[in-house]
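Raw final.cif, mmCIF, C-alpha atoms and all ligand atoms:
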```cif
data_run
loop_
_atom_site.label_atom_id
_atom_site.label_comp_id
_atom_site.auth_asym_id
_atom_site.auth_seq_id
_atom_site.Cartn_x
_atom_site.Cartn_y
_atom_site.Cartn_z
CA MET A 1 74.00 51.78 -21.76
CA SER A 2 72.09 49.17 -19.76
CA ILE A 3 73.63 47.29 -16.84
CA PRO A 4 74.93 43.82 -17.84
CA ARG A 5 72.68 40.90 -16.91
CA PHE A 6 75.63 38.54 -16.48
CA VAL A 7 78.98 39.35 -14.89
CA THR A 8 82.16 37.26 -15.04
CA VAL A 9 83.81 37.14 -11.61
CA CYS A 10 87.56 36.49 -11.63
CA GLU A 11 88.92 35.08 -8.38
CA MET A 12 92.24 36.46 -7.11
CA GLY A 13 92.49 34.98 -3.61
CA ALA A 14 95.07 32.27 -4.26
CA ARG A 15 97.44 34.64 -6.09
CA ASP A 16 96.85 38.28 -5.08
CA GLY A 17 95.70 37.09 -1.66
CA LEU A 18 98.41 34.64 -0.71
CA GLN A 19 101.26 36.70 -2.22
CA ASN A 20 100.55 39.31 0.46
CA GLU A 21 100.42 37.07 3.53
CA HIS A 22 103.33 37.23 5.95
CA SER A 23 103.31 33.50 6.52
CA VAL A 24 104.09 31.02 3.78
CA ILE A 25 101.13 28.70 3.34
CA ARG A 26 101.68 24.96 2.85
CA THR A 27 101.27 23.77 -0.73
CA GLU A 28 98.53 21.30 0.24
CA ASP A 29 96.50 24.10 1.85
CA LYS A 30 96.79 26.27 -1.28
CA VAL A 31 95.63 23.31 -3.37
CA ARG A 32 92.66 22.67 -1.08
CA PHE A 33 91.75 26.38 -1.14
CA ILE A 34 91.77 26.47 -4.96
CA ASP A 35 89.82 23.20 -5.18
CA LEU A 36 87.13 24.65 -2.89
CA LEU A 37 87.00 27.78 -5.06
CA SER A 38 86.64 25.56 -8.14
CA ASP A 39 83.57 23.93 -6.56
CA SER A 40 81.80 27.33 -6.34
CA GLY A 41 81.32 27.82 -10.06
CA LEU A 42 83.87 30.63 -10.46
CA PRO A 43 84.81 30.79 -14.17
CA LEU A 44 88.37 32.12 -13.65
CA ILE A 45 90.64 31.39 -10.70
CA GLU A 46 94.10 32.90 -10.73
CA ALA A 47 96.15 30.08 -9.30
CA THR A 48 99.68 31.31 -8.60
CA SER A 49 102.64 33.23 -10.05
CA PHE A 50 105.69 32.03 -11.94
CA VAL A 51 107.71 35.04 -10.81
CA SER A 52 111.11 35.21 -9.14
CA PRO A 53 110.93 33.31 -5.84
CA LYS A 54 113.13 36.06 -4.42
CA ALA A 55 110.48 38.64 -5.34
CA ILE A 56 107.51 36.63 -4.00
CA PRO A 57 108.69 33.79 -1.74
CA GLN A 58 105.06 33.10 -0.77
CA LEU A 59 104.42 31.61 -4.23
CA ALA A 60 107.73 29.80 -4.76
CA ASP A 61 105.83 26.49 -4.95
CA ALA A 62 103.93 27.60 -8.08
CA ALA A 63 104.70 24.48 -10.12
CA ASP A 64 103.61 22.12 -7.32
CA VAL A 65 100.41 24.08 -6.70
CA PHE A 66 99.54 24.24 -10.37
CA THR A 67 100.12 20.57 -11.08
CA GLN A 68 98.21 19.43 -7.97
CA ILE A 69 95.01 21.49 -8.27
CA ARG A 70 91.93 19.83 -9.73
CA LYS A 71 91.15 21.64 -12.98
CA ARG A 72 87.46 21.91 -13.52
CA ASP A 73 86.18 21.83 -17.10
CA GLY A 74 85.44 25.28 -18.45
CA VAL A 75 87.37 27.11 -15.71
CA ARG A 76 90.47 29.18 -16.54
CA TYR A 77 93.39 29.01 -14.13
CA PRO A 78 95.73 31.84 -15.21
CA VAL A 79 99.17 32.27 -13.68
CA LEU A 80 101.32 35.39 -13.60
CA THR A 81 104.36 35.31 -15.90
CA PRO A 82 106.63 38.41 -15.86
CA ASN A 83 109.03 37.16 -18.54
CA VAL A 84 109.81 34.25 -20.87
CA LYS A 85 111.43 32.34 -18.01
CA GLY A 86 108.13 32.51 -16.11
CA LEU A 87 106.21 31.47 -19.22
CA GLU A 88 108.45 28.43 -19.75
CA ARG A 89 107.95 27.39 -16.10
CA ALA A 90 104.18 27.86 -16.52
CA LYS A 91 104.09 25.79 -19.71
CA ALA A 92 106.12 23.02 -18.06
CA ALA A 93 103.52 22.89 -15.28
CA GLY A 94 100.71 22.61 -17.85
CA ALA A 95 99.26 26.14 -17.69
CA GLU A 96 96.91 27.11 -20.52
CA SER A 97 96.27 30.70 -19.43
CA ILE A 98 98.74 33.35 -18.32
CA ALA A 99 98.77 36.97 -17.24
CA VAL A 100 101.40 39.60 -17.94
CA PHE A 101 101.48 42.65 -15.69
CA THR A 102 102.67 46.20 -16.03
CA ALA A 103 101.35 49.54 -14.80
CA ALA A 104 100.60 53.17 -15.54
CA SER A 105 103.14 54.37 -12.94
CA GLU A 106 106.85 54.23 -13.79
CA ALA A 107 107.88 54.18 -10.14
CA PHE A 108 105.64 51.22 -9.33
CA THR A 109 106.66 49.27 -12.44
CA LYS A 110 110.33 49.66 -11.49
CA ARG A 111 109.75 48.42 -7.94
CA ASN A 112 107.43 45.62 -8.96
CA ILE A 113 109.17 44.08 -11.97
CA ASN A 114 112.44 46.05 -12.22
CA MET A 115 111.56 47.40 -15.69
CA THR A 116 110.42 50.69 -17.16
CA ILE A 117 106.93 50.56 -18.64
CA ASP A 118 108.44 50.51 -22.15
CA GLU A 119 110.81 47.67 -21.20
CA SER A 120 107.87 45.71 -19.80
CA ILE A 121 105.96 46.12 -23.07
CA GLU A 122 108.98 44.86 -25.02
CA THR A 123 109.40 41.90 -22.62
CA PHE A 124 105.71 40.99 -22.83
CA ARG A 125 105.73 41.12 -26.63
CA ASP A 126 107.94 38.01 -26.60
CA VAL A 127 105.94 36.39 -23.79
CA VAL A 128 102.59 36.95 -25.51
CA ARG A 129 103.85 35.87 -28.96
CA ASN A 130 105.23 32.66 -27.48
CA ALA A 131 102.03 32.07 -25.47
CA LYS A 132 99.82 32.61 -28.51
CA GLU A 133 101.95 30.19 -30.57
CA ASN A 134 101.04 27.69 -27.85
CA ASN A 135 97.32 28.52 -28.01
CA MET A 136 97.29 30.06 -24.54
CA TRP A 137 94.78 32.62 -23.26
CA VAL A 138 96.45 35.83 -22.13
CA ARG A 139 95.36 38.52 -19.71
CA GLY A 140 97.19 41.85 -19.39
CA TYR A 141 97.16 43.88 -16.17
CA VAL A 142 97.54 47.65 -15.99
CA SER A 143 98.21 48.38 -12.32
CA THR A 144 98.11 51.69 -10.43
CA ALA A 145 95.49 52.97 -12.90
CA PHE A 146 93.91 55.21 -10.25
CA GLY A 147 96.99 56.29 -8.32
CA SER A 148 100.54 55.32 -7.46
CA PRO A 149 101.91 54.41 -4.03
CA PHE A 150 105.00 56.47 -4.86
CA GLY A 151 103.30 59.82 -5.47
CA ASP A 152 103.96 60.01 -9.22
CA ALA A 153 100.94 61.27 -11.13
CA VAL A 154 98.96 58.71 -13.13
CA GLN A 155 97.09 60.09 -16.12
CA PRO A 156 94.08 58.29 -17.66
CA GLU A 157 95.78 58.74 -21.08
CA LYS A 158 98.68 56.61 -19.83
CA VAL A 159 96.28 53.87 -18.68
CA VAL A 160 94.68 53.90 -22.15
CA ASP A 161 98.07 53.92 -23.90
CA VAL A 162 99.42 50.93 -21.93
CA SER A 163 96.12 49.04 -22.31
CA ARG A 164 96.14 49.57 -26.08
CA LYS A 165 99.72 48.30 -26.35
CA LEU A 166 98.81 45.15 -24.38
CA MET A 167 95.77 44.61 -26.59
CA ASP A 168 97.76 45.19 -29.79
CA MET A 169 100.36 42.58 -28.83
CA GLY A 170 97.60 39.96 -28.53
CA CYS A 171 96.20 39.98 -24.98
CA ASP A 172 92.68 38.54 -24.86
CA GLU A 173 91.57 40.69 -21.94
CA ILE A 174 92.87 43.72 -20.05
CA SER A 175 92.39 44.09 -16.30
CA ILE A 176 92.62 47.64 -15.01
CA GLY A 177 93.97 47.63 -11.46
CA ASP A 178 93.40 50.01 -8.59
CA THR A 179 96.38 48.46 -6.86
CA ILE A 180 96.30 50.63 -3.73
CA GLY A 181 92.54 51.17 -3.53
CA VAL A 182 92.42 54.95 -4.02
CA GLY A 183 89.95 55.17 -6.92
CA VAL A 184 86.51 56.79 -6.80
CA PRO A 185 83.53 56.43 -9.17
CA SER A 186 84.11 59.72 -11.00
CA GLN A 187 87.51 58.35 -12.09
CA VAL A 188 85.78 55.24 -13.41
CA ASP A 189 83.33 57.49 -15.29
CA GLU A 190 86.27 59.26 -16.92
CA LEU A 191 88.38 56.19 -17.64
CA VAL A 192 85.87 53.75 -19.14
CA PRO A 193 84.78 55.90 -22.12
CA ALA A 194 88.44 56.74 -22.80
CA LEU A 195 89.34 53.03 -22.84
CA GLY A 196 86.25 52.24 -24.90
CA ARG A 197 87.41 54.45 -27.78
CA ASP A 198 90.27 52.00 -28.49
CA ILE A 199 89.28 48.70 -26.89
CA PRO A 200 85.98 46.77 -26.92
CA LEU A 201 84.46 47.10 -23.45
CA SER A 202 83.75 43.35 -23.49
CA LYS A 203 87.53 42.83 -23.20
CA ILE A 204 88.01 45.06 -20.15
CA ALA A 205 87.97 43.90 -16.54
CA PHE A 206 88.33 46.01 -13.41
CA HIS A 207 90.43 44.94 -10.43
CA PHE A 208 89.58 47.04 -7.40
CA HIS A 209 91.37 46.83 -4.09
CA ASP A 210 89.11 47.93 -1.24
CA THR A 211 91.67 49.78 0.86
CA ARG A 212 89.45 52.83 1.38
CA GLY A 213 86.05 51.17 1.02
CA THR A 214 85.33 52.47 -2.50
CA ALA A 215 85.56 49.21 -4.44
CA LEU A 216 81.84 48.39 -4.68
CA ALA A 217 80.98 51.98 -5.56
CA ASN A 218 83.55 51.72 -8.36
CA VAL A 219 82.05 48.43 -9.56
CA TYR A 220 78.63 50.04 -9.64
CA ALA A 221 80.00 52.92 -11.70
CA ALA A 222 81.72 50.53 -14.12
CA LEU A 223 78.52 48.46 -14.48
CA GLN A 224 76.69 51.60 -15.61
CA HIS A 225 79.16 51.80 -18.51
CA GLY A 226 78.57 48.16 -19.47
CA ILE A 227 81.70 46.62 -17.89
CA ALA A 228 80.91 42.98 -17.14
CA ILE A 229 84.16 41.45 -15.82
CA PHE A 230 85.37 42.09 -12.26
CA ASP A 231 88.23 40.73 -10.19
CA SER A 232 87.73 39.99 -6.52
CA SER A 233 89.20 37.89 -3.79
CA SER A 234 87.70 35.27 -1.51
CA GLY A 235 87.23 36.80 1.94
CA GLY A 236 88.84 40.06 0.72
CA LEU A 237 92.42 38.74 0.76
CA GLY A 238 95.01 40.57 -1.29
CA GLY A 239 97.61 43.25 -1.75
CA CYS A 240 100.92 43.74 -3.48
CA PRO A 241 104.15 43.57 -1.46
CA TYR A 242 105.63 46.16 -3.86
CA ALA A 243 102.80 48.66 -3.33
CA PRO A 244 103.14 50.04 0.21
CA GLY A 245 99.74 50.45 1.88
CA ALA A 246 97.89 48.15 -0.54
CA THR A 247 95.38 45.99 1.28
CA GLY A 248 92.83 43.42 0.18
CA ASN A 249 90.96 43.09 -3.06
CA LEU A 250 87.24 43.64 -3.14
CA GLY A 251 85.85 40.55 -1.38
CA THR A 252 84.27 38.01 -3.73
CA GLU A 253 81.42 37.58 -1.24
CA ASP A 254 80.81 41.36 -1.25
CA LEU A 255 80.79 41.49 -5.04
CA LEU A 256 78.48 38.46 -5.35
CA TYR A 257 76.12 39.77 -2.68
CA MET A 258 75.68 43.05 -4.51
CA LEU A 259 75.42 41.58 -8.01
CA HIS A 260 72.97 38.83 -7.05
CA GLY A 261 70.89 41.34 -5.07
CA MET A 262 70.69 43.48 -8.21
CA GLY A 263 69.46 40.46 -10.18
CA ILE A 264 72.75 40.12 -12.09
CA GLU A 265 73.77 36.51 -12.71
CA THR A 266 77.29 35.19 -12.17
CA GLY A 267 76.91 31.40 -12.06
CA VAL A 268 78.80 31.44 -8.74
CA ASP A 269 77.51 29.96 -5.48
CA LEU A 270 78.20 32.53 -2.75
CA ALA A 271 77.93 29.96 0.07
CA LYS A 272 80.60 27.82 -1.56
CA VAL A 273 82.97 30.80 -1.89
CA ARG A 274 82.31 31.40 1.82
CA ASP A 275 83.35 27.78 2.49
CA ALA A 276 86.66 28.39 0.72
CA SER A 277 87.18 31.63 2.67
CA ARG A 278 86.39 29.87 5.95
CA PHE A 279 88.96 27.18 5.13
CA ILE A 280 91.74 29.67 4.29
CA ALA A 281 90.90 31.84 7.31
CA GLY A 282 91.55 28.79 9.49
CA VAL A 283 94.88 28.22 7.78
CA LEU A 284 95.94 31.87 8.00
CA GLY A 285 94.80 32.28 11.59
CA HIS A 286 93.40 35.78 11.11
CA GLU A 287 90.07 37.42 10.37
CA LEU A 288 89.04 38.13 6.77
CA THR A 289 87.90 41.60 5.76
CA SER A 290 84.97 40.92 3.40
CA LYS A 291 81.87 42.35 5.04
CA ALA A 292 79.49 39.90 3.36
CA TYR A 293 81.71 37.01 4.50
CA GLN A 294 81.68 38.36 8.07
CA ALA A 295 77.88 38.75 7.99
CA LEU A 296 77.43 35.17 6.76
CA GLU A 297 79.70 33.86 9.50
CA ARG A 298 77.85 35.87 12.16
CA ALA A 299 74.56 34.44 10.91
CA VAL A 300 75.95 30.90 11.26
CA ALA A 301 77.25 31.64 14.77
CA ALA A 302 73.86 33.08 15.83
CA LYS A 303 71.96 29.89 14.88
P1 LIG B 401 115.13 40.95 -11.84
O1 LIG B 401 115.94 40.76 -10.58
O2 LIG B 401 115.30 42.22 -12.59
O3 LIG B 401 115.31 39.74 -12.86
O4 LIG B 401 113.60 40.71 -11.46
P2 LIG B 401 116.54 39.08 -13.55
O5 LIG B 401 116.12 38.69 -14.91
O6 LIG B 401 117.78 39.96 -13.37
O7 LIG B 401 116.74 37.75 -12.68
C1 LIG B 401 117.13 37.77 -11.32
C2 LIG B 401 116.99 36.36 -10.75
O8 LIG B 401 115.62 35.95 -10.78
C3 LIG B 401 117.75 35.30 -11.58
O9 LIG B 401 118.13 34.27 -10.70
C4 LIG B 401 116.67 34.77 -12.51
O10 LIG B 401 116.92 33.48 -12.97
C5 LIG B 401 115.47 34.78 -11.58
P3 LIG B 401 119.62 34.23 -10.06
O11 LIG B 401 120.53 34.15 -11.23
O12 LIG B 401 119.79 35.51 -9.26
O13 LIG B 401 119.58 33.01 -9.19
N1 LIG B 401 114.20 34.89 -12.31
C6 LIG B 401 113.18 34.03 -12.18
N2 LIG B 401 113.03 32.91 -11.43
C7 LIG B 401 111.87 32.25 -11.55
N3 LIG B 401 110.84 32.66 -12.36
C8 LIG B 401 110.97 33.76 -13.10
C9 LIG B 401 112.18 34.49 -13.04
N4 LIG B 401 112.60 35.60 -13.65
C10 LIG B 401 113.85 35.83 -13.21
N5 LIG B 401 109.95 34.15 -13.88
C11 LIG B 401 111.39 40.02 -12.13
C12 LIG B 401 112.60 40.89 -12.45
C13 LIG B 401 110.28 40.45 -13.04
C14 LIG B 401 111.77 38.56 -12.37
C15 LIG B 401 111.03 40.20 -10.62
O14 LIG B 401 110.98 41.57 -10.32
C16 LIG B 401 109.71 39.57 -10.29
O15 LIG B 401 109.58 38.36 -10.30
N6 LIG B 401 108.71 40.39 -9.94
C17 LIG B 401 107.36 39.91 -9.62
C18 LIG B 401 106.70 40.84 -8.64
C19 LIG B 401 105.29 40.38 -8.36
O16 LIG B 401 104.93 39.22 -8.54
N7 LIG B 401 104.44 41.33 -7.86
C20 LIG B 401 103.08 41.04 -7.50
C21 LIG B 401 102.19 40.79 -8.68
S1 LIG B 401 101.62 42.29 -9.46
C22 LIG B 401 100.19 42.71 -8.55
O17 LIG B 401 99.96 42.18 -7.49
C23 LIG B 401 99.21 43.68 -9.13
C24 LIG B 401 97.94 43.01 -9.67
O18 LIG B 401 97.26 42.31 -8.65
C25 LIG B 401 96.98 44.05 -10.26
C26 LIG B 401 96.74 45.26 -9.34
O19 LIG B 401 96.39 45.08 -8.16
O20 LIG B 401 96.89 46.37 -9.84
C27 LIG B 401 98.27 42.01 -10.79
MG MG B 402 95.96 43.26 -7.16
#
```
If you convert what's in this file into structure tokens, what do you get?
Amino acid sequence: MSIPRFVTVCEMGARDGLQNEHSVIRTEDKVRFIDLLSDSGLPLIEATSFVSPKAIPQLADAADVFTQIRKRDGVRYPVLTPNVKGLERAKAAGAESIAVFTAASEAFTKRNINMTIDESIETFRDVVRNAKENNMWVRGYVSTAFGSPFGDAVQPEKVVDVSRKLMDMGCDEISIGDTIGVGVPSQVDELVPALGRDIPLSKIAFHFHDTRGTALANVYAALQHGIAIFDSSSGGLGGCPYAPGATGNLGTEDLLYMLHGMGIETGVDLAKVRDASRFIAGVLGHELTSKAYQALERAVAAK
């Protein structure tokens, strides 16, 4: 298997990133952040979540954010929808792409969406059918694929089983999440061929959190198997409030730096992602964790 020449980078900062911030960001700042990300050439920007505002108060303004962002032609702006209520809110705001989300760990699924894995599959069947009747594009997440924050064992067979069920109900793409950033490349080497027996690899994305610094090593492993879709987050924002210890996603700048250095095209302008990160860092008032972002900022300061 040769390494892909083009990789699709899916931006998580406005959703996975801002859901995990202690402070609630003003709607206009979220809109500006997403508009800056749109200017960078990113092909998919997860915009917000139509979840319970009690579960994620940080994204309670989902409808306002979604209606106010500038939608760039050819860019997908998926939103998280945990149930039909979320889907109806998303449709009312004009969303054309959604994401449903479950996991390979029962304990995490219960904490995150108050369902068993089986209940989540049944719930999503209705969500995905309804979305497809409305010509929407649907992503399915399988979280905790490399380990659970609650100590329950996660087997690769369970990841494959949940992924297959999401695919069978009509999801267009499956994103495999290392929610708490515990995965290592040998796990990727085991998981990808197992997934590939049931699902075309062109439909599989990986979503690595960089909690223990293994995210880029895992991307490199997945590239060797032909995976060509990766999730990452501007500046390295991210984490799930229902996964204790989960910190930021792989930084988009880190991912782009490595891919571009390897001669892999993405169509994304790294300096423009940095501009978006710089803007949101100013709003948040704290440092961002992406190493490539930090290096770029140091280079600017040294001039
Ligand atoms: P529940 O309490 O079991 O739901 O929550 P319910 O149906 O009993 O409803 C309770 C209340 O919520 C009701 O309101 C509903 O109307 C309302 P009340 O009568 O009490 O006033 N409600 C809603 N309101 C707005 N939009 C909705 C909605 N649904 C119900 N869609 C539920 C179940 C799934 C709703 C809740 O647990 C939830 O919203 N969870 C979302 C958690 C979340 O967003 N987690 C982070 C995203 S996942 C992640 O980060 C991982 C990922 O990045 C990949 C990775 O890293 O692995 C994707
Ligand atoms: Mg995540």
I need the residue nearest ligand LIG 401 (chain B) from this list: A:Arg164, A:Lys54, A:Arg139, A:Arg72. Use all atoms listed in the file for the distance.
A:Lys54
Of the candidates A:Ile199, A:Cys240, A:Ala215, A:Val283, which one gets nearest to A:Thr27 if we count only C-alpha atoms?
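For A:Thr27, the nearest of the given residues is A:Val283.
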Which of A:Gly151, A:Gly226, A:Gly94, A:Pro200 sits closest to A:Thr67 [using only C-alpha atoms]
A:Gly94
As a ChimeraX atom specification, please: every protein or nucleic acid residue near ligand MG 402 (chain B) (cut-off 7 Å, counting only C-alpha atoms and all ligand atoms).
/A:16,177,179,207,209,238-240,249
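Residues in contact with A:Leu256 at up to 10 Å, not including ones fewer than 4 positions away on its chain and judged by all atoms listed in the file, are Val7, Val9, Ser232, Gly251, Thr252, His260, Gly261, Met262, Ile264, Glu265, Thr266, Gly267, Val268, Asp269, Leu270, Val273 and Ala292 of chain A.
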Could you list, as a PyMOL selection string, all residues that come within 8 Å of ligand LIG 401 (chain B)? Count all atoms listed in the file.
chain A and resi 12+16+19+49-56+80-87+89+101-103+111-115+141-145+175-180+207-209+238-242+249
To one decimal in Å, tell me the separation between atom CA of A:Ala107 and atom CA of A:Asp152.
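A separation of 7.1 Å between them.
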Top pick for closest residue to A:Met167, considering A:Ala221, A:Val128, A:Ala271, A:Ala63 and counting all atoms listed in the file:
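Going through A:Ala221, A:Val128, A:Ala271, A:Ala63 one by one, the smallest distance to A:Met167 is for A:Val128.
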Write out as JSON, numbers by chain each polymer residue whose atoms come within 6 Å of A:Arg15, counting all atoms listed in the file; drop sequence neighbours fewer than 6 positions from it.
{"A": [46, 47, 48]}
Excluding A:Ile69 and residues on its chain fewer than 5 positions from it, collect all residues at most 12 Å away from it, counting all atoms listed in the file, and give them as JSON, numbers by chain.
{"A": [14, 27, 28, 29, 30, 31, 32, 33, 34, 35, 36, 37, 38, 39, 45, 46, 47, 48, 62, 63, 64, 77, 93, 94, 95]}
Excluding A:Ser163 and its own-chain neighbours fewer than 6 positions away, which residues fall within 8 Å of it when counting only C-alpha atoms? Please give them as a count of residues only.
4
To one decimal place in Å, what is the distance between atom CA of A:Gly147 and atom CA of A:Glu106?
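So the two atoms, atom CA of A:Gly147 and atom CA of A:Glu106, lie 11.5 Å apart.
Picture a line from atom CA of A:Asn135 to atom CA of A:Lys91; it runs 11.1 Å.
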Selected residue, from A:Met136, A:Leu250, A:Ala222, A:Val79, that lies nearest to A:Gly170 when counting all atoms listed in the file
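So, comparing all the options, the nearest one is A:Met136.
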At a cut-off of 8 Å, using all atoms listed in the file, what residues contact A:Leu284? Leave out same-chain residues fewer than 4 positions from it and give the result as a ChimeraX atom specification.
/A:23,25,280
Please define a box with edges along x, y and z of the file around all atoms of stretch 94-113 of chain A given in the file, extend it by 8 Å on each side, and return its centre and edge lengths in Å to one decimal, as AutoDock Vina command-line options.
```
--center_x 103.3 --center_y 38.5 --center_z -14.2 --size_x 30.1 --size_y 47.8 --size_z 28.6
```
